[in-house]
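Working notes, beginning with the structure itself.
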Amino acid sequence: MRRRCARVPVTARTAPAGPAGGGRSLGRVQELHDAPLAPLTTLRLGGPAARLVTATTDDEVISVVCEADDTGTPLLIVGGGSNLVIGDKGFDGTALVVATRGFTLDGTRLELAAGEVWTDAVARTVEAGLAGIECLAGIPGSAGATPIQNVGAYGQEVSSTITEVVAYDRTARETVTLANEDCAFSYRHSRFKADPERYVVLRVRFALEDAGGLSGPLRYAETARTLGVEPGDRVPLGMAREAVLKLRAGKGMVLDPEDHDTWSAGSFFTNPILTADAFEAFRARVREHLGPDAEPPAYPAGEGRTKTSAAWLIDKAGFTKGYGTGPARISTKHTLALTNRGGATTEDLLALAREVVAGVHRTFGITLVNEPVTVGVHL
């Protein structure tokens with residue numbers, strides 16, 4: 001069913017005052033003012049939102065979006081907060097927390113509401129004996145964010161199992177259903193990321209695989225090695241998920257409030273994808289810097305392109321695990337994660353990110369690109 005703009009009836013009533021100040025309810029929609037955003041992000045950084053609204057149904061989400069569009073109010077969509085770097089001044093507009101819930105499994109067909117916790121959804125599909133997203137276990141955030149980034153890890157990407165994305169189109173002012181081929185998926189990219197002001201993801205639909213309780217073919221060498229099998233082999237689904245969780249935890253990529261290595265946005269930089277000429281120039285820089293026999297990591301990326309490792313670049317440029325002396329430092333477990341050691345500001349984090357970008361470019365001639373979305377700031 002296509003939904004057009006329709007406002008949720010406003011029932012004004014005073015909400016209890018709290019750290020975010022006073023508020024009210026819009027129907028069942030909770031509204032707060034001068035509300036802290038840092039607690040809603042895995043980095044625990046960023047200033048307040050002028051207005052913070054939490055929506056628990058698709059209609060509520062659409063209503064808040066329509067209101068912002070009608071009044072020309074800046075709008076920030078917040079899911080699990082695992083991919084946000086919010087400026088210290090905060091957000092002068094409406095921050096909309098998408099807290100919708102819905103997990104529907106029909107055979108091998110799965111539909112998730114945008115606000116579903118991704119790690120929980122993965123666990124439930126493994127329990128149901130369905131393969132396709134088991135190697136994406138432990139990734140923090142919400143289901144609605146997965147098609148935007150084309151989330152991937154350990155040899156799987158959501159683009160290989162997503163069949164449709166239901167979204168509110170702010171230009172057409174109606175809900176639309178986009179088939180996989182219309183989502184323009186590529187490495188950590190999609191139609192939704194290319195045009196972030198247009199679409200608000202409401203639901204994501206997947207086609208999973210019933211392989212008799214086995215995982216999909218393991219395509220990532222580290223996962224296969226951990227499980228003692230060959231790349232391309234299948235293993236019991238639970239074993240695959242546990243292996244991935246163990247690998248992620250060892251890199252500080254599974255959320256733990258007591259572990260500052262997990263106070264991050266995950267991988268802060270994407271792996272560079274280079275043309276043939278650019279890769280050869282890069283190899284020359286590597287040999288110049290590391291010796292005539294040095295070879296950088298190289299993985300086929302289609303159309304004559306080669307992907308190399310951002311983590312390797314950062315490390316070889318001199319930014320090793322634990323680098324930094326201030327409250328924002330490189331993780332002690334993984335060079336791709338920039339972390340808040342407690343008491344950091346967003347500017348502390350960005351200063352470290354800029355130092356890393358400049359150092360990698362100076363050494364290898366490659367400019368790293370940040371993966372998380374920046375709000376009110378630029379790298």
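Ligands are numbered from 1 in the order shown, chains are lettered A, B, ... in the order of the structure tokens, and residues start at 1 in each chain.
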
Residues of stretch 100-196 of chain A that have any atom at most 12 Å from an atom of stretch 205-208 of chain A: could you tabulate them with the shortest-distance atom pair and the distance in Å to one decimal, using only C-alpha atoms, ordered by chain and increasing number, as a Markdown table?
```
| residue | atom | partner | partner_atom | distance |
| --- | --- | --- | --- | --- |
| A:Gly102 | CA | A:Arg205 | CA | 11.4 |
| A:Phe103 | CA | A:Arg205 | CA | 10.1 |
| A:Thr104 | CA | A:Arg205 | CA | 9.4 |
| A:Leu105 | CA | A:Phe206 | CA | 9.6 |
| A:Asp106 | CA | A:Ala207 | CA | 9.9 |
| A:Gly107 | CA | A:Leu208 | CA | 8.8 |
| A:Thr108 | CA | A:Leu208 | CA | 5.1 |
| A:Arg109 | CA | A:Ala207 | CA | 4.9 |
| A:Leu110 | CA | A:Phe206 | CA | 5.0 |
| A:Glu111 | CA | A:Arg205 | CA | 4.4 |
| A:Leu112 | CA | A:Arg205 | CA | 6.4 |
| A:Ala113 | CA | A:Arg205 | CA | 9.0 |
| A:Ala114 | CA | A:Arg205 | CA | 10.3 |
| A:Ala121 | CA | A:Phe206 | CA | 11.7 |
| A:Val122 | CA | A:Leu208 | CA | 11.2 |
| A:Thr125 | CA | A:Leu208 | CA | 8.7 |
| A:Val126 | CA | A:Leu208 | CA | 10.4 |
| A:Ala128 | CA | A:Leu208 | CA | 10.6 |
| A:Gly129 | CA | A:Leu208 | CA | 9.8 |
| A:Leu130 | CA | A:Leu208 | CA | 6.0 |
| A:Ala131 | CA | A:Leu208 | CA | 5.7 |
| A:Gly132 | CA | A:Leu208 | CA | 5.3 |
| A:Ile133 | CA | A:Leu208 | CA | 7.9 |
| A:Glu134 | CA | A:Leu208 | CA | 10.2 |
| A:Ala143 | CA | A:Arg205 | CA | 10.0 |
| A:Gly144 | CA | A:Arg205 | CA | 10.4 |
| A:Thr146 | CA | A:Arg205 | CA | 11.1 |
| A:Pro147 | CA | A:Arg205 | CA | 10.1 |
| A:Glu157 | CA | A:Phe206 | CA | 11.8 |
| A:Val158 | CA | A:Phe206 | CA | 8.4 |
| A:Ser159 | CA | A:Phe206 | CA | 9.1 |
| A:Ser160 | CA | A:Ala207 | CA | 8.8 |
| A:Thr161 | CA | A:Phe206 | CA | 5.2 |
| A:Ile162 | CA | A:Phe206 | CA | 4.2 |
| A:Thr163 | CA | A:Phe206 | CA | 5.2 |
| A:Glu164 | CA | A:Arg205 | CA | 5.1 |
| A:Val165 | CA | A:Arg205 | CA | 6.2 |
| A:Val166 | CA | A:Arg205 | CA | 8.1 |
| A:Ala167 | CA | A:Arg205 | CA | 11.4 |
| A:Thr177 | CA | A:Arg205 | CA | 10.1 |
| A:Leu178 | CA | A:Arg205 | CA | 10.2 |
| A:Ala179 | CA | A:Arg205 | CA | 9.5 |
| A:Asn180 | CA | A:Arg205 | CA | 9.6 |
```

Excluding A:Gly138 and any residue of its chain fewer than 5 positions from it, enumerate the residues within 7 Å of it, using only C-alpha atoms, and give them as a list of chain:residue names.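 The contact residues come out as A:Thr119, A:Leu245, A:Val254.
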
Please produce a file of those selected residues containing C-alpha atoms, as a short mmCIF file (atom, residue, chain, number, x, y, z; two decimals), in the first residue's frame.
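Saved the output as selection-v2.cif:
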```cif
data_model
loop_
_atom_site.label_atom_id
_atom_site.label_comp_id
_atom_site.auth_asym_id
_atom_site.auth_seq_id
_atom_site.Cartn_x
_atom_site.Cartn_y
_atom_site.Cartn_z
CA THR A 119 22.30 -8.29 15.33
CA LEU A 245 31.37 -12.87 16.43
CA VAL A 254 31.22 -5.98 18.92
#
```

In stretch 176-363 of chain A, DSSP strand (DSSP E) residues written as a short mmCIF file (atom, residue, chain, number, x, y, z; two decimals) with N, CA and C atoms, in the first residue's frame:
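Result file is selection-v3.cif:
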```cif
data_model
loop_
_atom_site.label_atom_id
_atom_site.label_comp_id
_atom_site.auth_asym_id
_atom_site.auth_seq_id
_atom_site.Cartn_x
_atom_site.Cartn_y
_atom_site.Cartn_z
N VAL A 176 7.45 4.02 -1.76
CA VAL A 176 7.81 3.30 -2.99
C VAL A 176 8.47 1.99 -2.60
N THR A 177 8.39 1.03 -3.48
CA THR A 177 9.07 -0.25 -3.29
C THR A 177 10.10 -0.40 -4.39
N LEU A 178 11.35 -0.45 -4.00
CA LEU A 178 12.45 -0.54 -4.96
C LEU A 178 12.99 -1.95 -4.99
N ALA A 179 13.00 -2.54 -6.17
CA ALA A 179 13.60 -3.87 -6.34
C ALA A 179 15.11 -3.77 -6.21
N TYR A 199 15.30 9.52 0.29
CA TYR A 199 14.61 8.32 0.77
C TYR A 199 14.76 8.11 2.27
N VAL A 200 13.68 7.65 2.89
CA VAL A 200 13.71 7.19 4.27
C VAL A 200 13.29 5.72 4.26
N VAL A 201 14.21 4.84 4.58
CA VAL A 201 13.93 3.40 4.52
C VAL A 201 12.93 3.03 5.62
N LEU A 202 11.90 2.28 5.23
CA LEU A 202 10.87 1.83 6.16
C LEU A 202 10.96 0.33 6.44
N ARG A 203 11.19 -0.46 5.38
CA ARG A 203 11.23 -1.91 5.50
C ARG A 203 12.23 -2.48 4.50
N VAL A 204 12.83 -3.61 4.87
CA VAL A 204 13.79 -4.27 3.99
C VAL A 204 13.39 -5.74 3.87
N ARG A 205 13.35 -6.23 2.63
CA ARG A 205 12.95 -7.61 2.37
C ARG A 205 14.12 -8.40 1.81
N PHE A 206 14.24 -9.64 2.29
CA PHE A 206 15.36 -10.50 1.93
C PHE A 206 14.86 -11.85 1.43
N ALA A 207 15.66 -12.47 0.58
CA ALA A 207 15.46 -13.87 0.21
C ALA A 207 16.65 -14.65 0.75
N ILE A 273 39.31 1.43 -3.87
CA ILE A 273 39.21 0.65 -5.10
C ILE A 273 39.88 1.47 -6.20
N LEU A 274 40.89 0.88 -6.83
CA LEU A 274 41.77 1.61 -7.74
C LEU A 274 41.67 1.09 -9.17
N TYR A 299 42.81 -7.24 -4.20
CA TYR A 299 41.65 -8.11 -4.40
C TYR A 299 40.89 -7.63 -5.64
N PRO A 300 40.51 -8.53 -6.53
CA PRO A 300 39.76 -8.11 -7.72
C PRO A 300 38.47 -7.39 -7.32
N THR A 306 41.01 -2.85 -8.73
CA THR A 306 41.59 -3.62 -7.64
C THR A 306 41.29 -2.94 -6.31
N LYS A 307 40.86 -3.74 -5.35
CA LYS A 307 40.62 -3.22 -4.00
C LYS A 307 41.83 -3.51 -3.13
N ALA A 328 40.87 10.71 21.83
CA ALA A 328 40.48 9.98 20.63
C ALA A 328 41.72 9.30 20.07
N ARG A 329 41.66 7.99 19.92
CA ARG A 329 42.83 7.23 19.46
C ARG A 329 42.39 6.10 18.54
N ILE A 330 43.36 5.56 17.81
CA ILE A 330 43.10 4.35 17.04
C ILE A 330 42.90 3.20 18.01
N LEU A 338 38.51 4.27 14.78
CA LEU A 338 38.90 5.44 15.57
C LEU A 338 37.97 5.49 16.77
N THR A 339 38.54 5.61 17.96
CA THR A 339 37.74 5.41 19.16
C THR A 339 37.75 6.61 20.10
N ASN A 340 36.69 6.67 20.88
CA ASN A 340 36.55 7.64 21.96
C ASN A 340 36.98 6.93 23.24
#
```

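When only C-alpha atoms are used to compute distances to A:Ser142, the closest of the residues A:Val97, A:Leu350, A:Cys183, A:Leu336 turns out to be A:Val97.
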
Could you pull out all residues of stretch 14-142 of chain A with a DSSP call of alpha helix (DSSP H) and give them as a ChimeraX atom specification? /A:58-71,118-127

Have a look at atom CA of A:Thr320 and atom CA of A:Gln156 and let me know their distance in Å, one decimal.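 Between atom CA of A:Thr320 and atom CA of A:Gln156 the gap works out to 27.2 Å.
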
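Taking atom CA of A:Ala50 and atom CA of A:Glu371 as the two end points, the separation is 25.6 Å.
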
Would you kindly return, as a list in words, each protein, DNA or RNA residue with an atom no farther than 7 Å from any atom of stretch 68-83 of chain A, considering only C-alpha atoms and excluding same-chain residues fewer than 2 positions away?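 Contacts, with the query itself left out: Leu40, Thr41, Thr42, Val64, Val65, Cys66, Val85, Gly93, Thr94, Ala95, Leu96, Val97, Val98, Gly115, Pro140, Gly141, Ser142, Ala265, Pro372 and Val373 of chain A.
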
Take atom CA of A:Phe268 and atom CA of A:His334 and report the distance between them in Å, one decimal.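 About the pair atom CA of A:Phe268 and atom CA of A:His334: they are 10.6 Å apart.
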
Using only C-alpha atoms, find the one residue out of A:Val360, A:Cys135, A:Leu214, A:Val29 that sits nearest to A:Ala99.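 Of the candidates, the smallest distance to A:Ala99 is held by A:Val29.
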
Selection near A:His289, 9 Å with only C-alpha atoms, sequence-local residues under 4 positions removed, as an MDAnalysis selection string: chainID A and resid 284:285 294 363:364

Restricting it to all heavy atoms, dump the selection as a CSV table (one decimal), in the first residue's frame.
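Here's the written file result17.csv:
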```
chain,number,residue,atom,x,y,z
A,284,ALA,N,54.2,1.2,-6.9
A,284,ALA,CA,55.5,1.8,-7.0
A,284,ALA,C,55.8,2.6,-5.7
A,284,ALA,O,56.9,2.5,-5.2
A,284,ALA,CB,55.6,2.8,-8.2
A,285,ARG,N,54.8,3.2,-5.1
A,285,ARG,CA,55.0,4.0,-3.9
A,285,ARG,C,55.2,3.0,-2.7
A,285,ARG,O,56.0,3.3,-1.8
A,285,ARG,CB,53.7,4.8,-3.6
A,285,ARG,CG,53.5,5.9,-4.5
A,285,ARG,CD,54.4,7.1,-4.3
A,285,ARG,NE,54.1,7.9,-3.1
A,285,ARG,CZ,53.3,8.9,-3.1
A,285,ARG,NH1,52.8,9.4,-4.3
A,285,ARG,NH2,53.1,9.6,-2.0
A,294,ALA,N,58.2,-5.5,-1.6
A,294,ALA,CA,57.0,-5.3,-0.9
A,294,ALA,C,55.8,-5.4,-1.8
A,294,ALA,O,55.9,-4.8,-2.9
A,294,ALA,CB,57.0,-4.0,-0.1
A,363,THR,N,52.3,9.2,2.2
A,363,THR,CA,53.1,8.0,2.1
A,363,THR,C,52.8,7.2,0.8
A,363,THR,O,53.7,6.7,0.1
A,363,THR,CB,52.9,7.0,3.3
A,363,THR,OG1,53.2,7.8,4.5
A,363,THR,CG2,53.9,5.8,3.2
A,364,PHE,N,51.5,7.0,0.5
A,364,PHE,CA,51.1,6.1,-0.6
A,364,PHE,C,50.4,6.8,-1.7
A,364,PHE,O,50.0,6.1,-2.7
A,364,PHE,CB,50.3,5.0,0.0
A,364,PHE,CG,51.0,4.1,1.0
A,364,PHE,CD1,50.6,4.0,2.3
A,364,PHE,CD2,52.1,3.3,0.5
A,364,PHE,CE1,51.3,3.2,3.2
A,364,PHE,CE2,52.8,2.5,1.4
A,364,PHE,CZ,52.4,2.5,2.7
```
